[in-house]
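Participant: The file below is my_file24.cif, mmCIF, C-alpha atoms:
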data_upload
loop_
_atom_site.label_atom_id
_atom_site.label_comp_id
_atom_site.auth_asym_id
_atom_site.auth_seq_id
_atom_site.Cartn_x
_atom_site.Cartn_y
_atom_site.Cartn_z
CA MET I 2 -67.97 -99.84 6.47
CA ASN I 3 -68.95 -96.95 4.31
CA PHE I 4 -69.93 -97.48 0.71
CA ALA I 5 -70.26 -93.75 -0.06
CA PRO I 6 -68.16 -93.96 -3.25
CA LEU I 7 -70.38 -96.76 -4.59
CA ALA I 8 -73.59 -94.91 -3.66
CA ALA I 9 -72.29 -91.76 -5.34
CA LEU I 10 -71.41 -93.68 -8.48
CA LEU I 11 -74.80 -95.39 -8.70
CA SER I 12 -76.72 -92.18 -8.21
CA THR I 13 -74.78 -90.08 -10.70
CA ARG I 14 -74.04 -92.48 -13.57
CA HIS I 15 -75.96 -95.10 -15.51
CA SER I 16 -73.10 -97.40 -16.39
CA GLY I 17 -69.36 -97.73 -16.11
CA VAL I 18 -66.54 -99.28 -14.16
CA LEU I 19 -67.06 -99.73 -10.42
CA THR I 20 -64.38 -97.43 -9.08
CA GLY I 21 -63.64 -96.47 -5.49
CA ILE I 22 -63.60 -100.03 -4.13
CA PRO I 23 -60.17 -101.60 -4.66
CA TYR I 24 -61.53 -105.18 -4.41
CA ALA I 25 -64.18 -104.45 -7.07
CA GLU I 26 -61.40 -103.14 -9.30
CA THR I 27 -59.39 -106.31 -8.65
CA LEU I 28 -62.37 -108.30 -9.96
CA GLY I 29 -62.81 -105.78 -12.81
CA LEU I 30 -66.48 -105.09 -12.03
CA GLU I 31 -68.69 -102.89 -14.19
CA PHE I 32 -72.25 -101.72 -13.52
CA GLU I 33 -75.32 -100.71 -15.43
CA ILE I 34 -78.56 -99.24 -14.12
CA ASP I 35 -81.61 -100.61 -15.91
CA GLU I 36 -85.31 -101.12 -15.24
CA GLY I 37 -84.45 -104.08 -13.01
CA GLY I 38 -82.13 -102.08 -10.77
CA VAL I 39 -78.36 -102.52 -10.72
CA LEU I 40 -76.80 -105.07 -13.05
CA LEU I 41 -73.17 -105.95 -12.31
CA ARG I 42 -70.84 -107.36 -14.91
CA MET I 43 -67.52 -109.15 -14.41
CA PRO I 44 -65.80 -109.45 -17.81
CA TYR I 45 -63.52 -112.43 -18.10
CA ARG I 46 -59.90 -111.91 -17.25
CA LYS I 47 -57.23 -114.51 -16.65
CA THR I 48 -56.71 -113.53 -13.00
CA LEU I 49 -60.25 -114.78 -12.15
CA ILE I 50 -59.39 -118.39 -12.96
CA GLY I 51 -59.52 -120.91 -10.11
CA ALA I 52 -58.99 -124.16 -12.02
CA PRO I 53 -56.50 -124.02 -14.87
CA SER I 54 -57.48 -126.92 -17.12
CA PRO I 55 -60.10 -126.76 -18.31
CA PRO I 56 -60.23 -123.07 -17.29
CA ARG I 57 -63.00 -122.32 -14.77
CA LEU I 58 -63.65 -119.20 -12.70
CA HIS I 59 -62.72 -119.37 -9.02
CA GLY I 60 -65.96 -119.70 -7.05
CA GLY I 61 -64.74 -116.89 -4.82
CA THR I 62 -64.83 -114.41 -7.70
CA VAL I 63 -68.51 -115.21 -8.27
CA ALA I 64 -69.21 -114.87 -4.53
CA GLY I 65 -67.36 -111.54 -4.51
CA LEU I 66 -69.44 -110.33 -7.45
CA MET I 67 -72.66 -111.39 -5.72
CA GLU I 68 -71.75 -109.74 -2.39
CA ILE I 69 -71.07 -106.44 -4.12
CA ALA I 70 -74.31 -106.82 -6.11
CA CYS I 71 -76.12 -107.06 -2.73
CA MET I 72 -74.52 -103.88 -1.47
CA ALA I 73 -75.27 -102.10 -4.76
CA ALA I 74 -78.95 -103.10 -4.59
CA LEU I 75 -79.19 -101.77 -1.04
CA LEU I 76 -77.45 -98.50 -1.93
CA ARG I 77 -79.40 -97.95 -5.13
CA ASP I 78 -82.13 -95.86 -3.57
CA GLU I 79 -79.94 -93.94 -1.20
CA THR I 80 -79.19 -90.29 -1.68
CA VAL I 81 -75.52 -89.41 -1.60
CA THR I 82 -75.99 -87.35 1.53
CA SER I 83 -77.33 -90.20 3.68
CA VAL I 84 -75.43 -93.37 2.94
CA PRO I 85 -75.85 -96.05 5.59
CA ALA I 86 -72.94 -98.27 6.57
CA LEU I 87 -73.59 -101.83 5.47
CA LYS I 88 -72.11 -104.75 7.40
CA PRO I 89 -72.38 -108.28 6.03
CA ILE I 90 -73.88 -110.64 8.64
CA ASP I 91 -73.79 -113.86 6.67
CA VAL I 92 -73.81 -115.19 3.13
CA THR I 93 -74.74 -118.58 1.70
CA VAL I 94 -73.71 -119.37 -1.86
CA ASP I 95 -75.12 -122.29 -3.86
CA TYR I 96 -72.93 -123.18 -6.80
CA LEU I 97 -75.10 -124.44 -9.65
CA ARG I 98 -72.75 -124.66 -12.64
CA ALA I 99 -69.04 -124.25 -13.28
CA GLY I 100 -68.03 -120.70 -14.16
CA GLN I 101 -66.81 -120.60 -17.74
CA PRO I 102 -64.07 -118.19 -18.86
CA GLU I 103 -66.55 -115.58 -20.05
CA THR I 104 -68.44 -112.53 -18.76
CA THR I 105 -70.43 -113.12 -15.56
CA TYR I 106 -73.47 -111.07 -14.55
CA GLY I 107 -74.93 -110.52 -11.11
CA ARG I 108 -78.18 -109.01 -9.90
CA ALA I 109 -79.57 -108.79 -6.38
CA THR I 110 -83.17 -108.55 -5.17
CA VAL I 111 -83.92 -107.09 -1.78
CA MET I 112 -86.44 -109.49 -0.22
CA ARG I 113 -86.94 -107.41 2.89
CA ARG I 114 -85.34 -104.26 4.03
CA GLY I 115 -85.96 -103.98 7.73
CA ARG I 116 -84.91 -101.19 10.02
CA ARG I 117 -81.65 -102.90 10.95
CA VAL I 118 -81.30 -105.97 8.74
CA ALA I 119 -81.87 -106.52 5.05
CA ASN I 120 -82.34 -109.93 3.44
CA VAL I 121 -81.08 -110.06 -0.13
CA ARG I 122 -81.13 -112.75 -2.85
CA VAL I 123 -78.62 -112.74 -5.67
CA GLU I 124 -78.18 -114.64 -8.89
CA ALA I 125 -75.12 -114.89 -11.11
CA TRP I 126 -75.23 -116.08 -14.71
CA GLN I 127 -73.19 -116.04 -17.88
CA SER I 128 -74.41 -116.36 -21.48
CA ASP I 129 -77.85 -117.71 -20.49
CA PRO I 130 -79.78 -115.74 -17.82
CA GLY I 131 -82.07 -118.76 -17.49
CA ALA I 132 -79.17 -120.97 -16.41
CA PRO I 133 -77.63 -119.28 -13.35
CA ILE I 134 -74.15 -120.45 -12.30
CA ALA I 135 -74.70 -119.47 -8.66
CA ALA I 136 -77.39 -118.22 -6.30
CA ALA I 137 -76.83 -116.62 -2.93
CA ARG I 138 -78.69 -115.15 -0.02
CA MET I 139 -77.21 -112.58 2.24
CA ASN I 140 -78.18 -110.79 5.43
CA VAL I 141 -76.78 -107.31 5.83
CA MET I 142 -76.81 -105.05 8.87
CA ILE I 143 -77.86 -101.51 8.07
CA VAL I 144 -76.34 -98.85 10.25
CA GLY I 145 -77.84 -95.39 9.76
CA ALA I 146 -75.78 -92.64 8.20
CA ASP I 147 -75.96 -90.79 11.52
CA GLY I 148 -74.30 -93.74 13.26
CA ALA I 149 -77.46 -95.12 14.88
CA ALA I 150 -77.97 -98.85 14.41
CA MET B 7 -47.44 -132.18 0.96
CA LYS B 8 -46.26 -128.56 1.28
CA PRO B 9 -44.23 -128.40 -1.96
CA VAL B 10 -47.10 -130.04 -3.81
CA ILE B 11 -49.63 -127.53 -2.49
CA ASP B 12 -47.29 -124.59 -3.05
CA GLN B 13 -46.80 -125.62 -6.65
CA PHE B 14 -50.52 -126.29 -7.10
CA MET B 15 -51.44 -122.89 -5.69
CA LYS B 16 -48.99 -120.98 -7.86
CA ALA B 17 -50.75 -122.44 -10.90
CA ILE B 18 -54.09 -120.95 -9.86
CA PRO B 19 -54.31 -117.38 -11.19
CA HIS B 20 -56.96 -116.05 -8.79
CA ILE B 21 -55.20 -117.44 -5.72
CA ARG B 22 -52.01 -115.76 -6.87
CA GLU B 23 -53.92 -112.56 -7.67
CA LEU B 24 -55.30 -112.26 -4.12
CA GLY B 25 -51.97 -113.28 -2.56
CA ILE B 26 -53.33 -116.40 -0.82
CA ARG B 27 -50.53 -118.65 0.41
CA TYR B 28 -50.00 -122.02 2.06
CA SER B 29 -49.97 -122.23 5.84
CA GLY B 30 -50.47 -125.87 6.83
CA VAL B 31 -52.11 -129.18 6.04
CA GLY B 32 -53.00 -132.38 7.89
CA ARG B 33 -54.84 -135.61 7.18
CA ASP B 34 -58.26 -133.96 7.18
CA TRP B 35 -57.57 -130.23 7.46
CA ALA B 36 -55.83 -127.38 5.67
CA GLU B 37 -54.85 -123.82 6.48
CA LEU B 38 -54.18 -120.92 4.12
CA GLU B 39 -53.25 -117.28 4.68
CA LEU B 40 -54.43 -114.06 3.08
CA PRO B 41 -52.04 -111.20 3.85
CA TRP B 42 -53.61 -107.72 3.92
CA ALA B 43 -53.23 -105.89 0.61
CA GLU B 44 -54.71 -102.68 -0.75
CA ARG B 45 -56.28 -104.47 -3.73
CA LEU B 46 -58.43 -106.55 -1.34
CA VAL B 47 -59.99 -103.54 0.39
CA ALA B 48 -63.75 -102.97 0.23
CA TYR B 49 -63.95 -100.27 2.89
CA PRO B 50 -61.16 -97.73 2.33
CA GLY B 51 -59.65 -96.21 5.46
CA ASP B 52 -59.76 -92.50 6.29
CA ASP B 53 -56.78 -90.25 5.69
CA GLY B 54 -54.40 -92.85 4.34
CA GLU B 55 -55.19 -95.45 7.01
CA LYS B 56 -55.38 -99.05 5.91
CA GLY B 57 -58.87 -100.15 4.87
CA ILE B 58 -60.94 -103.22 5.75
CA ILE B 59 -60.66 -106.07 3.28
CA ALA B 60 -63.73 -107.28 1.38
CA SER B 61 -65.79 -110.10 2.83
CA GLY B 62 -65.70 -111.49 -0.72
CA ALA B 63 -61.92 -111.89 -0.45
CA ILE B 64 -62.39 -113.80 2.82
CA PHE B 65 -65.02 -115.93 1.05
CA THR B 66 -62.46 -116.77 -1.64
CA LEU B 67 -59.91 -117.70 1.05
CA MET B 68 -62.43 -120.00 2.76
CA ASP B 69 -63.65 -121.56 -0.49
CA SER B 70 -60.02 -122.28 -1.38
CA VAL B 71 -59.05 -123.72 2.00
CA GLY B 72 -62.28 -125.75 2.13
CA GLY B 73 -61.37 -127.32 -1.20
CA PHE B 74 -57.79 -127.97 -0.09
CA SER B 75 -58.96 -129.68 3.10
CA VAL B 76 -61.13 -131.99 0.99
CA GLN B 77 -58.15 -132.72 -1.28
CA ALA B 78 -56.08 -133.51 1.81
CA ALA B 79 -58.74 -135.86 3.19
CA ARG B 80 -59.19 -137.67 -0.12
CA ARG B 81 -55.45 -138.42 -0.18
CA ARG B 82 -55.22 -138.18 -3.95
CA PRO B 83 -55.95 -135.28 -6.31
CA THR B 84 -59.57 -135.27 -7.40
CA ARG B 85 -61.51 -132.65 -9.29
CA ILE B 86 -63.89 -131.15 -6.78
CA ALA B 87 -66.56 -128.48 -6.92
CA THR B 88 -68.11 -126.38 -4.18
CA VAL B 89 -71.77 -127.33 -3.77
CA ASP B 90 -72.49 -124.63 -1.21
CA LEU B 91 -70.62 -122.52 1.25
CA ARG B 92 -71.90 -120.38 4.10
CA LEU B 93 -69.95 -117.79 6.02
CA ASP B 94 -70.99 -115.98 9.17
CA TYR B 95 -69.13 -112.69 9.33
CA LEU B 96 -68.61 -112.29 13.07
CA ARG B 97 -66.59 -109.10 12.78
CA PRO B 98 -64.46 -107.21 10.24
CA ALA B 99 -60.85 -108.28 9.71
CA ARG B 100 -58.41 -105.89 11.37
CA PRO B 101 -56.82 -103.58 8.78
CA GLY B 102 -53.26 -104.61 8.01
CA GLU B 103 -53.49 -108.06 9.62
CA THR B 104 -53.07 -111.35 7.78
CA VAL B 105 -56.28 -113.42 7.71
CA VAL B 106 -55.81 -117.13 8.36
CA GLY B 107 -58.40 -119.58 7.03
CA TYR B 108 -58.75 -123.06 8.53
CA SER B 109 -60.98 -125.87 7.28
CA LYS B 110 -61.53 -129.40 8.54
CA VAL B 111 -63.45 -132.19 6.85
CA ALA B 112 -66.20 -133.30 9.21
CA LYS B 113 -67.36 -136.16 7.02
CA LEU B 114 -66.13 -137.62 3.78
CA THR B 115 -68.37 -139.84 1.70
CA LYS B 116 -67.67 -141.29 -1.72
CA SER B 117 -68.83 -138.19 -3.54
CA VAL B 118 -69.58 -135.52 -0.93
CA ALA B 119 -67.44 -133.85 1.74
CA PHE B 120 -68.84 -131.77 4.60
CA VAL B 121 -66.46 -129.15 5.97
CA ARG B 122 -66.38 -126.75 8.88
CA GLY B 123 -63.91 -123.95 9.35
CA TYR B 124 -63.14 -120.49 10.56
CA ALA B 125 -61.06 -117.43 9.76
CA HIS B 126 -59.07 -115.40 12.26
CA ASP B 127 -56.44 -112.67 12.15
CA GLY B 128 -53.98 -113.74 14.79
CA ASP B 129 -56.01 -115.32 17.61
CA ARG B 130 -57.78 -118.60 16.94
CA ASP B 131 -60.05 -117.96 19.92
CA ASP B 132 -61.28 -114.73 18.35
CA PRO B 133 -62.51 -115.81 14.89
CA LEU B 134 -63.78 -113.23 12.42
CA ALA B 135 -65.77 -115.69 10.29
CA LEU B 136 -67.27 -119.16 10.63
CA MET B 137 -67.61 -121.46 7.64
CA SER B 138 -69.88 -124.36 6.82
CA GLY B 139 -69.67 -125.95 3.40
CA CYS B 140 -70.19 -128.92 1.18
CA PHE B 141 -67.96 -130.09 -1.68
CA MET B 142 -68.46 -132.73 -4.33
CA ALA B 143 -66.09 -134.88 -6.37
CA THR B 144 -66.97 -134.01 -9.94
CA ALA B 145 -65.01 -136.15 -12.41
CA GLY B 146 -66.31 -134.03 -15.24
CA ALA B 147 -69.82 -133.50 -13.94
CA LYS B 148 -71.48 -130.11 -13.44
CA SER B 149 -69.50 -128.39 -16.15
#
For this file, produce the structure as C-alpha cells.

Facilitator:
Amino acid sequence: MNFAPLAALLSTRHSGVLTGIPYAETLGLEFEIDEGGVLLRMPYRKTLIGAPSPPRLHGGTVAGLMEIACMAALLRDETVTSVPALKPIDVTVDYLRAGQPETTYGRATVMRRGRRVANVRVEAWQSDPGAPIAAARMNVMIVGADGAA
Amino acid sequence: MKPVIDQFMKAIPHIRELGIRYSGVGRDWAELELPWAERLVAYPGDDGEKGIIASGAIFTLMDSVGGFSVQAARRRPTRIATVDLRLDYLRPARPGETVVGYSKVAKLTKSVAFVRGYAHDGDRDDPLALMSGCFMATAGAKS
C-alpha cells in the first residue's frame, strides 16, 4: 500500500499527469499544486461515461478521483524518504449533481490527521466550484514508513 | 435478463473500460465481476508481482452493481441516480483475483431504493468490502 511514486511526484513537480499509479492513468488524472494544496483534474474522455444518453460520467470515476485526492492530500507534506503506507478504511460519497461530460476537479481537506487514522473531506466539481457534483468523507489508516502502525 | 444486462453493460464505456462483467441477477439482487487487470492497480507490486487494485475501482464495481440491483427490483428500466454510497474496506483485494460485487435491495419505495451489498474475491464468507447505499429514480431530475 505504498504511494511512494505519488509522493515523489507531488514533492518534485508543481503540475502534470499523475503517473506511477495505473488506475490514475486509466482515469487520466492530472495534478496541480497551488496555495490550497493539491488540485486534481480529470479531463473528460469517453471511457469515463456511465450513462450513454444523455452522456453522464460514471459515479465511480468521480469516487475514484476523490479517493486519490484524499491520498494526495495526505502525502503532500511527506518527504520522499519517509512515505507512510495509506490504507483506506471507509469512504462515503454523496452524489449532488450528475457528472457532465467535461473536466472534473477534486480537492481534499484533511480534517484531522491522527497518529494512526486520518479523516479527510473531499469535494468534486466541474465548471462551477460553487456547485459541487459530489462530496465525500474518507477515513484512512496511516502506517509509518518504518512499518509501525 | 442476462442478455439484456450484457447488452446494456457493453453500451456503458466506463464499465467496459474497467472490464466489469455480468455475473448474476435475481428479483431483488444483482452480481457483477471485476477481473484483475494491470490498469486497475493503485498499489504496484514489487519486482513484477501483480499489484493491488484501487479501492476506487471496487467503488465503481459496487456503484454499478448497486444500480443494477435496483433496476432488477424495479422490474422495468428506469433512470436512476446514486444518492449516496458507503464502502467499508475490510481488507485489500488479493492481487490477481477476480473481485465479485453483490448487491441486494433492502427496501424499494416509489422513488428511493436502499441497498446493501458486499465484495469478495472467491469466498463469500470472507468479504473484502461492505456496501450500504441509496439510489433514486430520477426521470430527468438532478441533471

Participant: If I take atom CA of B:Val105 and atom CA of B:His126, how far is one from the other in Å, to one decimal?

Facilitator: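 Those two atoms sit 5.7 Å apart.
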
Participant: Counting all atoms listed in the file, which residue out of I:Glu36, I:Asp129, I:Glu68, I:Glu124 sits closest to B:Ala63?

Facilitator: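 Of I:Glu36, I:Asp129, I:Glu68, I:Glu124, the one nearest B:Ala63, counting all atoms listed in the file, is I:Glu68.
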
Participant: Would you give me, as a ChimeraX atom specification, the residues of chain I that come within 8 Å of chain B, using all atoms listed in the file?

Facilitator: /I:2-4,22-27,47-53,59-62,64-66,68,89-99

Participant: Report the distance between atom CA of B:Leu40 and atom CA of I:Phe32 in Å, rounded to one decimal place.

Facilitator: 27.3 Å

Participant: Write out as a list in words which residues come within 8 Å of stretch 72-75 of chain B when counting all atoms listed in the file, dropping same-chain ones fewer than 4 positions away.

Facilitator: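 With the cut-off at 8 Å, the set is Val31, Asp34, Trp35, Ala36, Glu37, Met68, Ala79, Ile86, Ala87, Thr88, Tyr108, Ser109, Lys110, Val111, Val121, Arg122, Gly123, Gly139 and Phe141 of chain B.
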
Participant: Counting only C-alpha atoms, what is within 8 Å of B:Ser117, bar same-chain residues fewer than 2 positions away, as a PyMOL selection string?

Facilitator: chain B and resi 114-115+119+142-144

Participant: For stretch 18-123 of chain I in the structure I just supplied, write out C-alpha atoms - as a tab-separated table (two decimals), in the first residue's frame.

Facilitator:
chain	number	residue	atom	x	y	z
I	18	VAL	CA	-0.03	13.94	-15.29
I	19	LEU	CA	-0.37	11.58	-12.32
I	20	THR	CA	1.98	8.82	-13.38
I	21	GLY	CA	3.04	5.73	-11.46
I	22	ILE	CA	-0.48	4.64	-10.48
I	23	PRO	CA	-2.06	2.62	-13.30
I	24	TYR	CA	-5.63	3.29	-12.08
I	25	ALA	CA	-4.98	7.07	-12.01
I	26	GLU	CA	-3.73	6.78	-15.58
I	27	THR	CA	-6.88	4.85	-16.53
I	28	LEU	CA	-8.90	7.81	-15.25
I	29	GLY	CA	-6.48	10.24	-16.94
I	30	LEU	CA	-5.78	12.22	-13.76
I	31	GLU	CA	-3.64	15.36	-13.69
I	32	PHE	CA	-2.47	17.36	-10.68
I	33	GLU	CA	-1.52	20.89	-9.79
I	34	ILE	CA	-0.02	22.21	-6.58
I	35	ASP	CA	-1.46	25.58	-5.58
I	36	GLU	CA	-1.96	27.64	-2.43
I	37	GLY	CA	-4.85	25.36	-1.45
I	38	GLY	CA	-2.78	22.19	-1.62
I	39	VAL	CA	-3.20	19.54	-4.31
I	40	LEU	CA	-5.82	20.08	-7.00
I	41	LEU	CA	-6.66	17.02	-9.10
I	42	ARG	CA	-8.14	17.26	-12.56
I	43	MET	CA	-9.91	14.57	-14.57
I	44	PRO	CA	-10.30	15.83	-18.16
I	45	TYR	CA	-13.28	14.40	-19.96
I	46	ARG	CA	-12.72	11.30	-22.00
I	47	LYS	CA	-15.29	8.96	-23.47
I	48	THR	CA	-14.21	5.99	-21.35
I	49	LEU	CA	-15.44	7.78	-18.18
I	50	ILE	CA	-19.07	7.69	-19.30
I	51	GLY	CA	-21.51	5.67	-17.19
I	52	ALA	CA	-24.81	6.60	-18.83
I	53	PRO	CA	-24.75	6.94	-22.61
I	54	SER	CA	-27.72	9.18	-23.39
I	55	PRO	CA	-27.60	11.86	-22.32
I	56	PRO	CA	-23.88	11.29	-21.59
I	57	ARG	CA	-23.06	11.40	-17.86
I	58	LEU	CA	-19.88	10.43	-16.01
I	59	HIS	CA	-19.95	7.12	-14.15
I	60	GLY	CA	-20.23	7.92	-10.44
I	61	GLY	CA	-17.36	5.53	-9.83
I	62	THR	CA	-14.96	7.74	-11.80
I	63	VAL	CA	-15.78	10.67	-9.52
I	64	ALA	CA	-15.34	8.46	-6.44
I	65	GLY	CA	-12.01	7.24	-7.81
I	66	LEU	CA	-10.88	10.83	-8.37
I	67	MET	CA	-11.90	11.78	-4.82
I	68	GLU	CA	-10.16	8.78	-3.21
I	69	ILE	CA	-6.90	9.64	-4.95
I	70	ALA	CA	-7.36	13.31	-3.98
I	71	CYS	CA	-7.50	12.11	-0.33
I	72	MET	CA	-4.28	10.17	-0.68
I	73	ALA	CA	-2.60	13.11	-2.44
I	74	ALA	CA	-3.61	15.50	0.36
I	75	LEU	CA	-2.17	13.13	2.96
I	76	LEU	CA	1.07	12.65	1.03
I	77	ARG	CA	1.53	16.33	0.22
I	78	ASP	CA	3.65	17.13	3.24
I	79	GLU	CA	5.65	13.94	3.25
I	80	THR	CA	9.28	13.86	2.31
I	81	VAL	CA	10.17	11.28	-0.30
I	82	THR	CA	12.32	9.40	2.16
I	83	SER	CA	9.53	8.70	4.67
I	84	VAL	CA	6.35	7.85	2.84
I	85	PRO	CA	3.74	6.16	5.02
I	86	ALA	CA	1.56	3.40	3.64
I	87	LEU	CA	-2.04	4.55	3.41
I	88	LYS	CA	-4.89	2.07	3.72
I	89	PRO	CA	-8.46	3.17	3.03
I	90	ILE	CA	-10.74	2.26	5.96
I	91	ASP	CA	-14.03	3.55	4.59
I	92	VAL	CA	-15.45	6.09	2.18
I	93	THR	CA	-18.88	7.69	1.93
I	94	VAL	CA	-19.77	9.53	-1.26
I	95	ASP	CA	-22.75	11.88	-1.57
I	96	TYR	CA	-23.73	12.48	-5.17
I	97	LEU	CA	-25.08	16.01	-5.55
I	98	ARG	CA	-25.37	16.54	-9.30
I	99	ALA	CA	-24.97	14.45	-12.43
I	100	GLY	CA	-21.44	14.47	-13.83
I	101	GLN	CA	-21.44	16.22	-17.19
I	102	PRO	CA	-19.05	15.19	-19.99
I	103	GLU	CA	-16.49	17.82	-19.06
I	104	THR	CA	-13.41	18.27	-16.85
I	105	THR	CA	-13.92	17.32	-13.20
I	106	TYR	CA	-11.84	18.73	-10.34
I	107	GLY	CA	-11.20	17.27	-6.92
I	108	ARG	CA	-9.67	18.67	-3.75
I	109	ALA	CA	-9.35	17.10	-0.33
I	110	THR	CA	-9.08	18.70	3.11
I	111	VAL	CA	-7.53	16.81	5.97
I	112	MET	CA	-9.89	17.37	8.91
I	113	ARG	CA	-7.73	15.51	11.38
I	114	ARG	CA	-4.53	13.65	10.95
I	115	GLY	CA	-4.15	11.42	13.96
I	116	ARG	CA	-1.29	9.09	14.72
I	117	ARG	CA	-2.97	6.13	13.04
I	118	VAL	CA	-6.10	7.42	11.32
I	119	ALA	CA	-6.76	10.47	9.18
I	120	ASN	CA	-10.21	11.88	8.47
I	121	VAL	CA	-10.44	13.59	5.10
I	122	ARG	CA	-13.21	15.53	3.31
I	123	VAL	CA	-13.27	15.83	-0.46
